[in-house]
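Visitor: Take this structure first; my questions come after.
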Amino acid sequence: MDPQEVLEKIKAAFQTIIQEQNLHPTRLDMELTLAETVHIYMTAPEFSGKTDRERDLMIWPALEKKLPRRALMEISVCVLLAPEEETEKEKLLAA
């Protein structure tokens with residue numbers, strides 16, 4: 001599968017998951033790296049007060065149902081943040 005095709009499949013899966021779970025992301029960035037893996041960064045208020053594991057359980061089982069194994073293996077980073085965490089991260093990076 002072509003790397004760009006994989007990225008498009010992952011984007012489509014995320015859009016479906018967002019609709020199905022009624023998520024309201026304030027940020028959803030996906031990029032294809034030089035190594036042809038996919039990095040995903042998503043911020044959503046629905047992640048507030050949840051542990052990393054709880055957030056993963058909101059996303060990964062749905063991804064596993066919607067994507068072929070080959071596409072899943074190309075996701076090398078998937079960061080799921082609450083809005084308040086993204087602000088803290090930006091402050092640290094600016095300092």
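We label chains A, B, ... in the order they appear in the structure tokens, count residues from 1 in each chain, and number ligands from 1 in the order shown.
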Go through chain A and collect every residue that DSSP, computed from the backbone, puts in strand (DSSP E); the answer should be as a ChimeraX atom specification.
Guide: /A:27-32,38-43,75-81
Visitor: Please provide as a list in words all residues within 7 Å of stretch 16-29 of chain A, with the sequence filter that same-chain residues fewer than 6 positions apart are discarded (counting only C-alpha atoms).
Guide: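 Near neighbours after the sequence-gap exclusion: Ile40, Tyr41, Met42, Thr43, Ala44, Pro45, Glu46 and Ala62 of chain A.
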Visitor: In Å, rounded to a single decimal, give me how far atom CA of A:Cys78 is from atom CA of A:Leu63.
Guide: 11.6 Å
Visitor: So, with only C-alpha atoms as the atoms that count, which of A:Ile10, A:Asp56, A:Phe47, A:Gln15 lies closest to A:Pro68?
Guide: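 Ranked by minimum distance to A:Pro68, first place goes to A:Ile10.
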Visitor: Run DSSP on the backbone and give me the residues of chain A it puts in helix (DSSP H, G or I), as an MDAnalysis selection string.
Guide: chainID A and resid 3:20 45:47 52:66 69:72 83:94
Visitor: Those same residues - N, CA and C atoms - I'd like them written as a compact mmCIF listing (two decimals), in the first residue's frame.
Guide:
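Dumped everything to result.txt:
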# COMPACT_ATOMS: atom_id res chain seq x y z
N PRO A 3 2.32 4.85 0.84
CA PRO A 3 2.27 5.60 2.11
C PRO A 3 1.19 6.69 2.14
N GLN A 4 1.01 7.38 1.03
CA GLN A 4 -0.02 8.43 0.99
C GLN A 4 -1.42 7.81 1.09
N GLU A 5 -1.59 6.65 0.49
CA GLU A 5 -2.86 5.93 0.57
C GLU A 5 -3.14 5.50 2.01
N VAL A 6 -2.10 5.05 2.71
CA VAL A 6 -2.23 4.67 4.12
C VAL A 6 -2.68 5.87 4.94
N LEU A 7 -2.03 7.02 4.72
CA LEU A 7 -2.39 8.24 5.45
C LEU A 7 -3.86 8.60 5.21
N GLU A 8 -4.30 8.51 3.97
CA GLU A 8 -5.70 8.83 3.64
C GLU A 8 -6.67 7.87 4.32
N LYS A 9 -6.32 6.60 4.39
CA LYS A 9 -7.17 5.62 5.08
C LYS A 9 -7.25 5.93 6.58
N ILE A 10 -6.13 6.32 7.17
CA ILE A 10 -6.11 6.66 8.60
C ILE A 10 -6.95 7.91 8.85
N LYS A 11 -6.80 8.91 7.99
CA LYS A 11 -7.61 10.14 8.12
C LYS A 11 -9.10 9.82 8.05
N ALA A 12 -9.48 9.00 7.10
CA ALA A 12 -10.89 8.64 6.94
C ALA A 12 -11.40 7.88 8.17
N ALA A 13 -10.59 6.98 8.70
CA ALA A 13 -10.98 6.22 9.89
C ALA A 13 -11.19 7.16 11.08
N PHE A 14 -10.28 8.12 11.25
CA PHE A 14 -10.42 9.07 12.35
C PHE A 14 -11.69 9.90 12.21
N GLN A 15 -12.00 10.34 11.00
CA GLN A 15 -13.21 11.14 10.79
C GLN A 15 -14.46 10.33 11.17
N THR A 16 -14.46 9.06 10.81
CA THR A 16 -15.59 8.20 11.16
C THR A 16 -15.68 8.01 12.67
N ILE A 17 -14.56 7.77 13.32
CA ILE A 17 -14.53 7.60 14.77
C ILE A 17 -15.01 8.87 15.47
N ILE A 18 -14.58 10.00 15.00
CA ILE A 18 -15.01 11.29 15.58
C ILE A 18 -16.53 11.42 15.51
N GLN A 19 -17.10 11.07 14.37
CA GLN A 19 -18.56 11.16 14.22
C GLN A 19 -19.27 10.13 15.08
N GLU A 20 -18.80 8.89 15.05
CA GLU A 20 -19.46 7.82 15.80
C GLU A 20 -19.43 8.06 17.30
N PRO A 45 -11.82 17.81 24.06
CA PRO A 45 -12.28 17.98 25.44
C PRO A 45 -12.76 16.67 26.07
N GLU A 46 -13.17 15.72 25.26
CA GLU A 46 -13.63 14.44 25.78
C GLU A 46 -12.51 13.64 26.45
N PHE A 47 -11.25 14.03 26.24
CA PHE A 47 -10.12 13.36 26.89
C PHE A 47 -9.83 13.92 28.28
N ASP A 52 -4.30 8.02 30.13
CA ASP A 52 -3.82 7.68 28.79
C ASP A 52 -4.47 6.39 28.30
N ARG A 53 -4.58 5.43 29.18
CA ARG A 53 -5.20 4.14 28.81
C ARG A 53 -6.66 4.32 28.42
N GLU A 54 -7.40 5.11 29.17
CA GLU A 54 -8.81 5.36 28.84
C GLU A 54 -8.94 6.04 27.47
N ARG A 55 -8.05 6.98 27.20
CA ARG A 55 -8.06 7.67 25.90
C ARG A 55 -7.74 6.68 24.78
N ASP A 56 -6.72 5.86 25.01
CA ASP A 56 -6.37 4.85 24.00
C ASP A 56 -7.56 3.93 23.72
N LEU A 57 -8.28 3.54 24.77
CA LEU A 57 -9.42 2.65 24.60
C LEU A 57 -10.59 3.31 23.86
N MET A 58 -10.59 4.64 23.85
CA MET A 58 -11.61 5.36 23.07
C MET A 58 -11.29 5.31 21.57
N ILE A 59 -10.02 5.23 21.24
CA ILE A 59 -9.60 5.35 19.84
C ILE A 59 -9.14 4.03 19.22
N TRP A 60 -8.23 3.33 19.88
CA TRP A 60 -7.58 2.18 19.24
C TRP A 60 -8.50 1.02 18.87
N PRO A 61 -9.44 0.60 19.71
CA PRO A 61 -10.32 -0.50 19.27
C PRO A 61 -11.11 -0.14 18.01
N ALA A 62 -11.54 1.11 17.91
CA ALA A 62 -12.27 1.54 16.73
C ALA A 62 -11.35 1.56 15.50
N LEU A 63 -10.11 2.03 15.69
CA LEU A 63 -9.15 2.02 14.57
C LEU A 63 -8.90 0.59 14.09
N GLU A 64 -8.77 -0.34 15.05
CA GLU A 64 -8.50 -1.73 14.70
C GLU A 64 -9.63 -2.34 13.89
N LYS A 65 -10.86 -1.86 14.09
CA LYS A 65 -12.01 -2.37 13.33
C LYS A 65 -12.08 -1.74 11.93
N LYS A 66 -11.55 -0.54 11.78
CA LYS A 66 -11.71 0.21 10.54
C LYS A 66 -10.53 0.16 9.59
N ARG A 69 -4.55 -4.22 9.03
CA ARG A 69 -3.38 -4.34 9.92
C ARG A 69 -2.18 -3.58 9.38
N ARG A 70 -1.97 -3.61 8.08
CA ARG A 70 -0.84 -2.92 7.45
C ARG A 70 -0.89 -1.42 7.72
N ALA A 71 -2.07 -0.82 7.67
CA ALA A 71 -2.21 0.61 7.95
C ALA A 71 -1.97 0.90 9.43
N LEU A 72 -2.47 0.05 10.30
CA LEU A 72 -2.26 0.23 11.74
C LEU A 72 -0.77 0.22 12.09
N PRO A 83 -7.54 19.51 26.10
CA PRO A 83 -7.15 20.89 25.77
C PRO A 83 -6.22 21.54 26.79
N GLU A 84 -6.44 21.29 28.07
CA GLU A 84 -5.59 21.91 29.10
C GLU A 84 -4.16 21.38 29.04
N GLU A 85 -3.98 20.18 28.59
CA GLU A 85 -2.63 19.61 28.46
C GLU A 85 -1.89 20.21 27.27
N GLU A 86 -2.59 20.48 26.21
CA GLU A 86 -1.96 21.07 25.03
C GLU A 86 -1.44 22.47 25.37
N THR A 87 -2.19 23.21 26.14
CA THR A 87 -1.77 24.55 26.55
C THR A 87 -0.51 24.47 27.39
N GLU A 88 -0.46 23.53 28.34
CA GLU A 88 0.72 23.35 29.19
C GLU A 88 1.93 22.97 28.33
N LYS A 89 1.74 22.11 27.36
CA LYS A 89 2.82 21.68 26.49
C LYS A 89 3.37 22.87 25.68
N GLU A 90 2.48 23.69 25.15
CA GLU A 90 2.89 24.85 24.37
C GLU A 90 3.69 25.83 25.24
N LYS A 91 3.29 26.00 26.49
CA LYS A 91 4.01 26.90 27.41
C LYS A 91 5.43 26.39 27.65
N LEU A 92 5.56 25.07 27.84
CA LEU A 92 6.89 24.49 28.07
C LEU A 92 7.78 24.65 26.84
N LEU A 93 7.21 24.48 25.68
CA LEU A 93 8.00 24.60 24.45
C LEU A 93 8.42 26.04 24.18
N ALA A 94 7.60 26.99 24.61
CA ALA A 94 7.90 28.41 24.38
C ALA A 94 8.96 28.93 25.36
Visitor: Suppose you want the space between atom CA of A:Ala82 and atom CA of A:Leu32; what is it in Å?
Guide: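 Going from atom CA of A:Ala82 over to atom CA of A:Leu32 covers 23.1 Å.
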Visitor: Between atom CA of A:Asp2 and atom CA of A:Glu36, what is the distance, to one decimal in Å?
Guide: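 Going from atom CA of A:Asp2 over to atom CA of A:Glu36 covers 9.4 Å.
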Visitor: Which neighbours of A:Ile75 fall inside 7 Å, counting only C-alpha atoms, when residues of the same chain fewer than 4 positions from it are skipped, and could you give them as number ranges by chain?
Guide: A: 37-39
